[in-house]
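Undergrad: my_file26.tsv (TSV, C-alpha atoms and all ligand atoms) pasted underneath:
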chain	number	residue	atom	x	y	z
G	218	MET	CA	120.54	107.91	99.10
G	219	LEU	CA	120.33	104.46	97.51
G	220	ALA	CA	122.22	103.56	94.35
G	221	LYS	CA	119.96	103.66	91.29
G	222	LYS	CA	120.88	100.18	90.05
G	223	GLU	CA	120.25	98.27	93.27
G	224	GLU	CA	117.80	95.41	92.79
G	225	ILE	CA	114.30	95.77	94.20
G	226	LEU	CA	112.87	92.76	96.02
G	227	ILE	CA	109.12	92.58	96.67
G	228	ARG	CA	108.42	90.15	99.49
G	229	ALA	CA	105.73	89.25	102.01
G	230	PHE	CA	105.44	91.40	105.12
G	231	GLU	CA	107.14	90.19	108.30
G	232	PRO	CA	106.14	91.53	111.74
G	233	GLY	CA	109.67	93.00	112.11
G	234	ASP	CA	108.85	95.37	109.19
G	235	THR	CA	106.17	97.18	111.19
G	236	ASP	CA	108.29	100.02	112.55
G	237	ASP	CA	109.87	100.65	109.11
G	238	ILE	CA	106.40	100.80	107.59
G	239	VAL	CA	105.22	103.28	110.22
G	240	ARG	CA	108.34	105.44	109.65
G	241	LEU	CA	107.76	105.45	105.87
G	242	THR	CA	104.12	106.36	106.36
G	243	VAL	CA	104.84	109.29	108.66
G	244	ALA	CA	107.57	110.54	106.29
G	245	GLU	CA	105.67	110.22	102.99
G	246	PHE	CA	101.91	109.97	103.41
G	247	GLU	CA	100.99	113.54	104.40
G	248	PRO	CA	100.10	114.74	100.85
G	249	ALA	CA	97.72	111.77	100.50
G	250	SER	CA	96.16	112.12	103.96
G	251	ILE	CA	92.65	113.51	104.41
G	252	ASP	CA	93.33	113.68	108.16
G	253	ALA	CA	96.35	115.93	107.47
G	254	LYS	CA	94.09	118.29	105.52
G	255	ILE	CA	91.53	118.31	108.35
G	256	GLU	CA	94.33	118.98	110.85
G	257	ALA	CA	95.61	121.87	108.70
G	258	MET	CA	92.07	123.27	108.55
G	259	MET	CA	90.98	122.97	112.19
G	260	GLY	CA	93.69	121.29	114.29
G	261	GLY	CA	92.98	118.19	116.35
G	262	THR	CA	94.97	115.00	116.83
G	263	PRO	CA	98.06	115.05	114.59
G	264	TRP	CA	97.32	113.09	111.38
G	265	ALA	CA	100.51	111.01	111.78
G	266	ARG	CA	99.37	109.65	115.16
G	267	VAL	CA	95.97	108.73	113.73
G	268	LYS	CA	97.54	107.13	110.66
G	269	GLU	CA	100.11	105.18	112.67
G	270	LYS	CA	97.32	103.50	114.61
G	271	VAL	CA	95.34	102.74	111.44
G	272	VAL	CA	98.38	101.18	109.76
G	273	ARG	CA	99.39	99.15	112.83
G	274	ASP	CA	95.80	97.88	113.14
G	275	GLU	CA	95.70	96.96	109.42
G	276	LEU	CA	99.00	95.08	109.65
G	277	ALA	CA	97.74	93.18	112.67
G	278	ALA	CA	94.38	92.38	111.03
G	279	TYR	CA	95.60	91.49	107.48
G	280	PRO	CA	99.34	90.64	107.67
G	281	ALA	CA	99.06	88.32	104.64
G	282	GLY	CA	97.82	91.23	102.50
G	283	CYS	CA	100.90	93.37	103.01
G	284	PHE	CA	103.99	93.32	100.81
G	285	VAL	CA	107.18	95.31	101.17
G	286	ALA	CA	109.80	96.56	98.73
G	287	VAL	CA	113.37	96.05	99.88
G	288	THR	CA	116.56	97.38	98.38
G	289	GLY	CA	120.03	97.49	99.87
G	290	GLY	CA	118.59	95.67	102.89
G	291	ALA	CA	116.15	98.52	103.66
G	292	VAL	CA	112.36	98.59	103.43
G	293	VAL	CA	111.68	101.42	100.95
G	294	GLY	CA	108.01	100.84	100.21
G	295	TYR	CA	104.94	98.85	101.12
G	296	VAL	CA	101.37	98.10	100.14
G	297	THR	CA	98.56	97.00	102.44
G	298	THR	CA	95.27	95.48	101.37
G	299	THR	CA	91.89	94.58	102.79
G	300	LEU	CA	89.35	92.05	101.55
G	301	ASN	CA	85.59	92.19	101.15
G	302	LEU	CA	84.73	88.58	100.38
G	303	LEU	CA	81.00	89.28	99.98
G	304	ALA	CA	81.79	91.80	97.23
G	305	SER	CA	84.60	89.53	95.96
G	306	ARG	CA	86.79	92.64	96.06
G	307	GLY	CA	90.26	93.40	97.28
G	308	THR	CA	91.10	96.98	98.22
G	309	VAL	CA	94.53	98.54	98.21
G	310	ALA	CA	94.44	100.40	101.51
G	311	ASN	CA	97.90	101.99	101.60
G	312	LEU	CA	100.71	102.36	99.12
G	313	VAL	CA	103.88	104.23	100.03
G	314	VAL	CA	107.36	104.46	98.54
G	315	SER	CA	110.23	106.39	100.10
G	316	SER	CA	110.72	109.70	98.28
G	317	ALA	CA	114.40	108.75	97.76
G	318	CYS	CA	113.23	105.78	95.64
G	319	GLN	CA	110.12	107.14	93.90
G	320	GLY	CA	109.87	107.11	90.12
G	321	ARG	CA	111.76	103.80	89.78
G	322	GLY	CA	108.75	101.54	89.28
G	323	ILE	CA	108.53	100.37	92.90
G	324	GLY	CA	104.96	101.60	93.41
G	325	ARG	CA	103.92	99.79	90.23
G	326	LYS	CA	105.64	96.57	91.36
G	327	LEU	CA	103.93	96.71	94.77
G	328	LEU	CA	100.52	97.22	93.13
G	329	GLN	CA	101.15	94.35	90.74
G	330	ARG	CA	102.00	92.14	93.73
G	331	ALA	CA	98.77	93.17	95.46
G	332	LEU	CA	96.78	92.39	92.29
G	333	GLN	CA	98.51	89.00	92.04
G	334	TYR	CA	97.47	88.34	95.67
G	335	PHE	CA	93.83	89.25	94.88
G	336	ARG	CA	93.86	86.97	91.81
G	337	ALA	CA	95.34	84.10	93.81
G	338	LEU	CA	92.33	84.45	96.14
G	339	ASN	CA	90.01	84.25	93.10
G	340	LEU	CA	88.59	87.71	93.82
G	341	GLN	CA	86.63	89.30	91.00
G	342	GLN	CA	87.43	92.98	91.59
G	343	ALA	CA	90.15	95.29	92.87
G	344	LYS	CA	89.71	98.83	94.19
G	345	ILE	CA	91.96	101.75	95.12
G	346	GLU	CA	91.18	105.34	96.13
G	347	THR	CA	93.21	108.47	95.49
G	348	LEU	CA	92.82	112.21	95.99
G	349	ALA	CA	92.16	114.55	93.07
G	350	THR	CA	95.44	116.26	94.03
G	351	ASN	CA	97.45	113.03	93.57
G	352	GLU	CA	98.77	113.25	89.99
G	353	VAL	CA	100.95	110.15	90.32
G	354	GLY	CA	97.99	108.04	91.44
G	355	GLN	CA	95.82	109.30	88.60
G	356	HIS	CA	98.51	108.24	86.15
G	357	LEU	CA	99.66	105.01	87.79
G	358	TYR	CA	96.34	103.35	88.67
G	359	PRO	CA	94.67	103.65	85.23
G	360	SER	CA	97.93	102.48	83.64
G	361	LEU	CA	97.46	99.20	85.55
G	362	GLY	CA	93.84	98.80	84.46
G	363	PHE	CA	91.87	100.62	87.19
G	364	ARG	CA	88.98	102.70	85.85
G	365	GLU	CA	87.53	105.79	87.55
G	366	VAL	CA	84.20	105.06	89.26
G	367	VAL	CA	83.15	108.30	91.02
G	368	ARG	CA	84.60	111.35	92.81
G	369	GLN	CA	83.80	112.02	96.47
G	370	ILE	CA	83.79	115.26	98.52
G	371	HIS	CA	84.98	115.17	102.15
G	372	TYR	CA	83.46	117.79	104.49
G	373	ALA	CA	84.54	118.39	108.08
G	374	MET	CA	83.58	120.90	110.78
G	375	SER	CA	84.88	121.82	114.20
G	376	LEU	CA	82.49	121.05	117.06
G	377	THR	CA	84.46	123.05	119.63
G	378	GLY	CA	84.31	126.72	118.62
G	379	GLU	CA	83.67	129.36	115.98
G	380	VAL	CA	83.72	127.94	112.48
G	381	GLU	CA	85.36	130.14	109.89
G	382	GLY	CA	83.13	130.62	106.87
G	383	ALA	CA	80.02	129.17	108.55
G	384	ALA	CA	76.66	130.76	107.67
G	385	PRO	CA	75.36	133.18	110.40
G	386	LYS	CA	72.84	131.66	112.83
G	387	ARG	CA	69.15	132.47	112.19
G	388	LYS	CA	67.41	134.56	114.90
G	401	LIG	C1	102.20	106.93	94.84
G	401	LIG	C2	103.59	106.33	95.08
G	401	LIG	C3	103.47	105.11	95.95
G	401	LIG	C4	104.15	105.93	93.71
G	401	LIG	O1	105.39	105.26	93.94
G	401	LIG	P1	106.54	105.22	92.82
G	401	LIG	O2	107.50	104.15	93.21
G	401	LIG	O3	107.11	106.57	92.61
G	401	LIG	O4	105.70	104.78	91.54
G	401	LIG	P2	106.25	104.26	90.13
G	401	LIG	O5	107.66	104.72	89.95
G	401	LIG	O6	105.98	102.81	90.02
G	401	LIG	O7	105.25	104.97	89.13
G	401	LIG	C5	105.07	106.35	89.13
G	401	LIG	C6	104.40	106.70	87.82
G	401	LIG	O8	103.86	108.02	87.94
G	401	LIG	C7	104.47	108.85	86.93
G	401	LIG	N1	104.55	110.19	87.49
G	401	LIG	C8	105.48	110.71	88.31
G	401	LIG	N2	105.18	111.98	88.62
G	401	LIG	C9	104.02	112.28	87.97
G	401	LIG	C10	103.19	113.43	87.88
G	401	LIG	N3	103.48	114.57	88.54
G	401	LIG	N4	102.05	113.36	87.13
G	401	LIG	C11	101.72	112.23	86.48
G	401	LIG	N5	102.47	111.09	86.52
G	401	LIG	C12	103.62	111.12	87.26
G	401	LIG	C13	105.79	108.20	86.62
G	401	LIG	O9	106.27	108.56	85.36
G	401	LIG	C14	105.39	106.73	86.67
G	401	LIG	O10	104.67	106.35	85.54
G	401	LIG	P3	105.30	105.37	84.41
G	401	LIG	O11	105.60	104.07	85.10
G	401	LIG	O12	104.20	105.26	83.39
G	401	LIG	O13	106.53	106.09	83.91
G	401	LIG	C15	104.56	107.37	95.72
G	401	LIG	O14	104.55	108.53	94.93
G	401	LIG	C16	104.21	107.73	97.15
G	401	LIG	O15	104.56	107.03	98.09
G	401	LIG	N6	103.50	108.88	97.33
G	401	LIG	C17	103.13	109.35	98.67
G	401	LIG	C18	102.01	108.49	99.26
G	401	LIG	C19	100.86	108.34	98.29
G	401	LIG	O16	100.45	109.28	97.63
G	401	LIG	N7	100.34	107.10	98.23
G	401	LIG	C20	99.23	106.77	97.37
G	401	LIG	C21	97.96	107.16	98.00
G	401	LIG	S1	96.56	106.85	96.91
Please rewrite the model in this file as structure tokens.
TA:
Amino acid sequence: MLAKKEEILIRAFEPGDTDDIVRLTVAEFEPASIDAKIEAMMGGTPWARVKEKVVRDELAAYPAGCFVAVTGGAVVGYVTTTLNLLASRGTVANLVVSSACQGRGIGRKLLQRALQYFRALNLQQAKIETLATNEVGQHLYPSLGFREVVRQIHYAMSLTGEVEGAAPKRK
């Protein structure tokens, strides 16, 4: 457990942070993961394996758009971003803070750093997605200026066997 008063440094991602970022993701991201909900519903590849690949690919593709939070010499949070230059929009792809350090303003600081990065690129818009179950996100993002656009429903079905709750086949 980290001391409450330790200073938080937000700095640019370095390739040596990758394994810490993957560890944080696997430890903290499950409640925010649609893949974890699909896995709970119908099995399949463990969500953490899928997410690890996505995060590693993002870090390789957009290293300049990632920032990490460091305290006591440890990476305790990170944000990744992607850019759509045609839309003049930056998207916050992932935001994670270690549960031991949540509620201390680190998520807010990481988002502010991502927004500063978007502004420095002269982008006109910023976007972030969250699940309806994520109460922190629905408080934190509007408090920074994000406005709700639309809600989306994710459906999934198994293609390998009986599907619980599926309508009976017509004869
Ligand atoms: C989302 C996450 C990054 C936030 O990190 P954090 O460092 O705890 O965030 P902050 O401390 O900067 O801000 C949290 C805010 O939510 C508020 N909050 C905490 N619990 C809350 C709840 N149950 N309902 C509403 N608001 C809540 C805090 O009071 C704080 O708001 P304030 O600054 O106005 O007081 C972190 O919770 C996390 O990693 N969650 C798991 C992964 C995840 O959900 N990522 C986001 C996917 S969209």
Undergrad: Show me which residues line ligand LIG 401 (chain G), defined as having an atom within 9 Å of a ligand atom where all atoms listed in the file count, and present them as a PyMOL selection string.
TA: chain G and resi 241-242+244-250+294-296+309-316+318-328+345-348+351-358+360
Undergrad: What is the distance, in Å and to one decimal place, between atom CA of Ile370 of chain G and atom CA of Ile251 of chain G?
TA: 10.8 Å
Undergrad: Taking 5 positions as the minimum chain separation for residues in the same chain, which residues sit within 8 Å of Phe284 of chain G when counting all atoms listed in the file? Answer as a list in words.
TA: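 Listed by chain and then number, they are Ile227, Arg228, Ala229, Phe230, Tyr295, Val296, Thr297, Leu327, Arg330 and Ala331 of chain G.
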Undergrad: Using only C-alpha atoms, pick whichever of G:Gly290, G:Gly378, G:Gly362, G:Gly282 has the shortest atom-to-atom distance to Ala337 of chain G.
TA: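 Of the candidates, the smallest distance to Ala337 of chain G is held by G:Gly282.
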Undergrad: Could you check which of G:Leu226, G:Leu340, G:Ala265, G:Leu376 is closest to Val293 of chain G, using only C-alpha atoms?
TA: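 Using only C-alpha atoms, Val293 of chain G sits closest to G:Leu226.
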Undergrad: Missing atoms in segment 346-376 of chain G: fill them in up to N, CA and C atoms and send the result as a PDB file, in the frame of the given file.
TA:
ATOM      1  N   GLU G 346      91.669 103.954  96.096  1.00  0.00           N
ATOM      2  CA  GLU G 346      91.180 105.340  96.130  1.00  0.00           C
ATOM      3  C   GLU G 346      92.376 106.282  96.053  1.00  0.00           C
ATOM      4  N   THR G 347      92.162 107.444  95.462  1.00  0.00           N
ATOM      5  CA  THR G 347      93.210 108.470  95.490  1.00  0.00           C
ATOM      6  C   THR G 347      92.564 109.842  95.517  1.00  0.00           C
ATOM      7  N   LEU G 348      93.338 110.849  95.931  1.00  0.00           N
ATOM      8  CA  LEU G 348      92.820 112.210  95.990  1.00  0.00           C
ATOM      9  C   LEU G 348      92.970 112.866  94.616  1.00  0.00           C
ATOM     10  N   ALA G 349      92.100 113.833  94.348  1.00  0.00           N
ATOM     11  CA  ALA G 349      92.160 114.550  93.070  1.00  0.00           C
ATOM     12  C   ALA G 349      93.481 115.302  92.929  1.00  0.00           C
ATOM     13  N   THR G 350      94.149 115.559  94.066  1.00  0.00           N
ATOM     14  CA  THR G 350      95.440 116.260  94.030  1.00  0.00           C
ATOM     15  C   THR G 350      96.610 115.307  93.741  1.00  0.00           C
ATOM     16  N   ASN G 351      96.366 114.008  93.718  1.00  0.00           N
ATOM     17  CA  ASN G 351      97.450 113.030  93.570  1.00  0.00           C
ATOM     18  C   ASN G 351      97.657 112.684  92.080  1.00  0.00           C
ATOM     19  N   GLU G 352      98.550 113.433  91.442  1.00  0.00           N
ATOM     20  CA  GLU G 352      98.770 113.250  89.990  1.00  0.00           C
ATOM     21  C   GLU G 352      99.407 111.896  89.679  1.00  0.00           C
ATOM     22  N   VAL G 353     100.285 111.446  90.573  1.00  0.00           N
ATOM     23  CA  VAL G 353     100.950 110.150  90.320  1.00  0.00           C
ATOM     24  C   VAL G 353      99.905 109.040  90.334  1.00  0.00           C
ATOM     25  N   GLY G 354      99.034 109.057  91.342  1.00  0.00           N
ATOM     26  CA  GLY G 354      97.990 108.040  91.440  1.00  0.00           C
ATOM     27  C   GLY G 354      97.097 108.029  90.211  1.00  0.00           C
ATOM     28  N   GLN G 355      96.738 109.226  89.744  1.00  0.00           N
ATOM     29  CA  GLN G 355      95.820 109.300  88.600  1.00  0.00           C
ATOM     30  C   GLN G 355      96.483 108.879  87.290  1.00  0.00           C
ATOM     31  N   HIS G 356      97.801 108.804  87.305  1.00  0.00           N
ATOM     32  CA  HIS G 356      98.510 108.240  86.150  1.00  0.00           C
ATOM     33  C   HIS G 356      98.731 106.733  86.342  1.00  0.00           C
ATOM     34  N   LEU G 357      99.220 106.390  87.539  1.00  0.00           N
ATOM     35  CA  LEU G 357      99.660 105.010  87.790  1.00  0.00           C
ATOM     36  C   LEU G 357      98.493 104.020  87.816  1.00  0.00           C
ATOM     37  N   TYR G 358      97.412 104.348  88.493  1.00  0.00           N
ATOM     38  CA  TYR G 358      96.340 103.350  88.670  1.00  0.00           C
ATOM     39  C   TYR G 358      95.654 103.014  87.344  1.00  0.00           C
ATOM     40  N   PRO G 359      95.254 104.021  86.531  1.00  0.00           N
ATOM     41  CA  PRO G 359      94.670 103.650  85.230  1.00  0.00           C
ATOM     42  C   PRO G 359      95.657 102.890  84.348  1.00  0.00           C
ATOM     43  N   SER G 360      96.960 103.181  84.507  1.00  0.00           N
ATOM     44  CA  SER G 360      97.930 102.480  83.640  1.00  0.00           C
ATOM     45  C   SER G 360      97.996 100.993  83.981  1.00  0.00           C
ATOM     46  N   LEU G 361      97.496 100.624  85.167  1.00  0.00           N
ATOM     47  CA  LEU G 361      97.460  99.200  85.550  1.00  0.00           C
ATOM     48  C   LEU G 361      96.103  98.572  85.271  1.00  0.00           C
ATOM     49  N   GLY G 362      95.146  99.360  84.798  1.00  0.00           N
ATOM     50  CA  GLY G 362      93.840  98.800  84.460  1.00  0.00           C
ATOM     51  C   GLY G 362      92.685  99.301  85.305  1.00  0.00           C
ATOM     52  N   PHE G 363      92.972 100.069  86.371  1.00  0.00           N
ATOM     53  CA  PHE G 363      91.870 100.620  87.190  1.00  0.00           C
ATOM     54  C   PHE G 363      91.126 101.673  86.372  1.00  0.00           C
ATOM     55  N   ARG G 364      89.803 101.700  86.525  1.00  0.00           N
ATOM     56  CA  ARG G 364      88.980 102.700  85.850  1.00  0.00           C
ATOM     57  C   ARG G 364      88.275 103.570  86.876  1.00  0.00           C
ATOM     58  N   GLU G 365      88.170 104.886  86.595  1.00  0.00           N
ATOM     59  CA  GLU G 365      87.530 105.790  87.550  1.00  0.00           C
ATOM     60  C   GLU G 365      86.059 105.441  87.716  1.00  0.00           C
ATOM     61  N   VAL G 366      85.598 105.401  88.970  1.00  0.00           N
ATOM     62  CA  VAL G 366      84.200 105.060  89.260  1.00  0.00           C
ATOM     63  C   VAL G 366      83.410 106.331  89.581  1.00  0.00           C
ATOM     64  N   VAL G 367      83.882 107.106  90.581  1.00  0.00           N
ATOM     65  CA  VAL G 367      83.150 108.300  91.020  1.00  0.00           C
ATOM     66  C   VAL G 367      84.088 109.160  91.842  1.00  0.00           C
ATOM     67  N   ARG G 368      83.810 110.468  91.945  1.00  0.00           N
ATOM     68  CA  ARG G 368      84.600 111.350  92.810  1.00  0.00           C
ATOM     69  C   ARG G 368      83.791 111.669  94.056  1.00  0.00           C
ATOM     70  N   GLN G 369      84.469 111.826  95.185  1.00  0.00           N
ATOM     71  CA  GLN G 369      83.800 112.020  96.470  1.00  0.00           C
ATOM     72  C   GLN G 369      84.275 113.335  97.090  1.00  0.00           C
ATOM     73  N   ILE G 370      83.383 114.030  97.822  1.00  0.00           N
ATOM     74  CA  ILE G 370      83.790 115.260  98.520  1.00  0.00           C
ATOM     75  C   ILE G 370      83.807 114.977 100.018  1.00  0.00           C
ATOM     76  N   HIS G 371      84.891 115.333 100.694  1.00  0.00           N
ATOM     77  CA  HIS G 371      84.980 115.170 102.150  1.00  0.00           C
ATOM     78  C   HIS G 371      84.718 116.511 102.803  1.00  0.00           C
ATOM     79  N   TYR G 372      83.728 116.593 103.689  1.00  0.00           N
ATOM     80  CA  TYR G 372      83.460 117.790 104.490  1.00  0.00           C
ATOM     81  C   TYR G 372      83.858 117.499 105.931  1.00  0.00           C
ATOM     82  N   ALA G 373      84.282 118.536 106.644  1.00  0.00           N
ATOM     83  CA  ALA G 373      84.540 118.390 108.080  1.00  0.00           C
ATOM     84  C   ALA G 373      84.190 119.706 108.753  1.00  0.00           C
ATOM     85  N   MET G 374      83.821 119.662 110.026  1.00  0.00           N
ATOM     86  CA  MET G 374      83.580 120.900 110.780  1.00  0.00           C
ATOM     87  C   MET G 374      84.068 120.725 112.210  1.00  0.00           C
ATOM     88  N   SER G 375      84.481 121.847 112.810  1.00  0.00           N
ATOM     89  CA  SER G 375      84.880 121.820 114.200  1.00  0.00           C
ATOM     90  C   SER G 375      83.629 121.837 115.071  1.00  0.00           C
ATOM     91  N   LEU G 376      83.630 121.065 116.131  1.00  0.00           N
ATOM     92  CA  LEU G 376      82.490 121.050 117.060  1.00  0.00           C
ATOM     93  C   LEU G 376      82.830 121.798 118.347  1.00  0.00           C
TER      94      LEU G 376
END
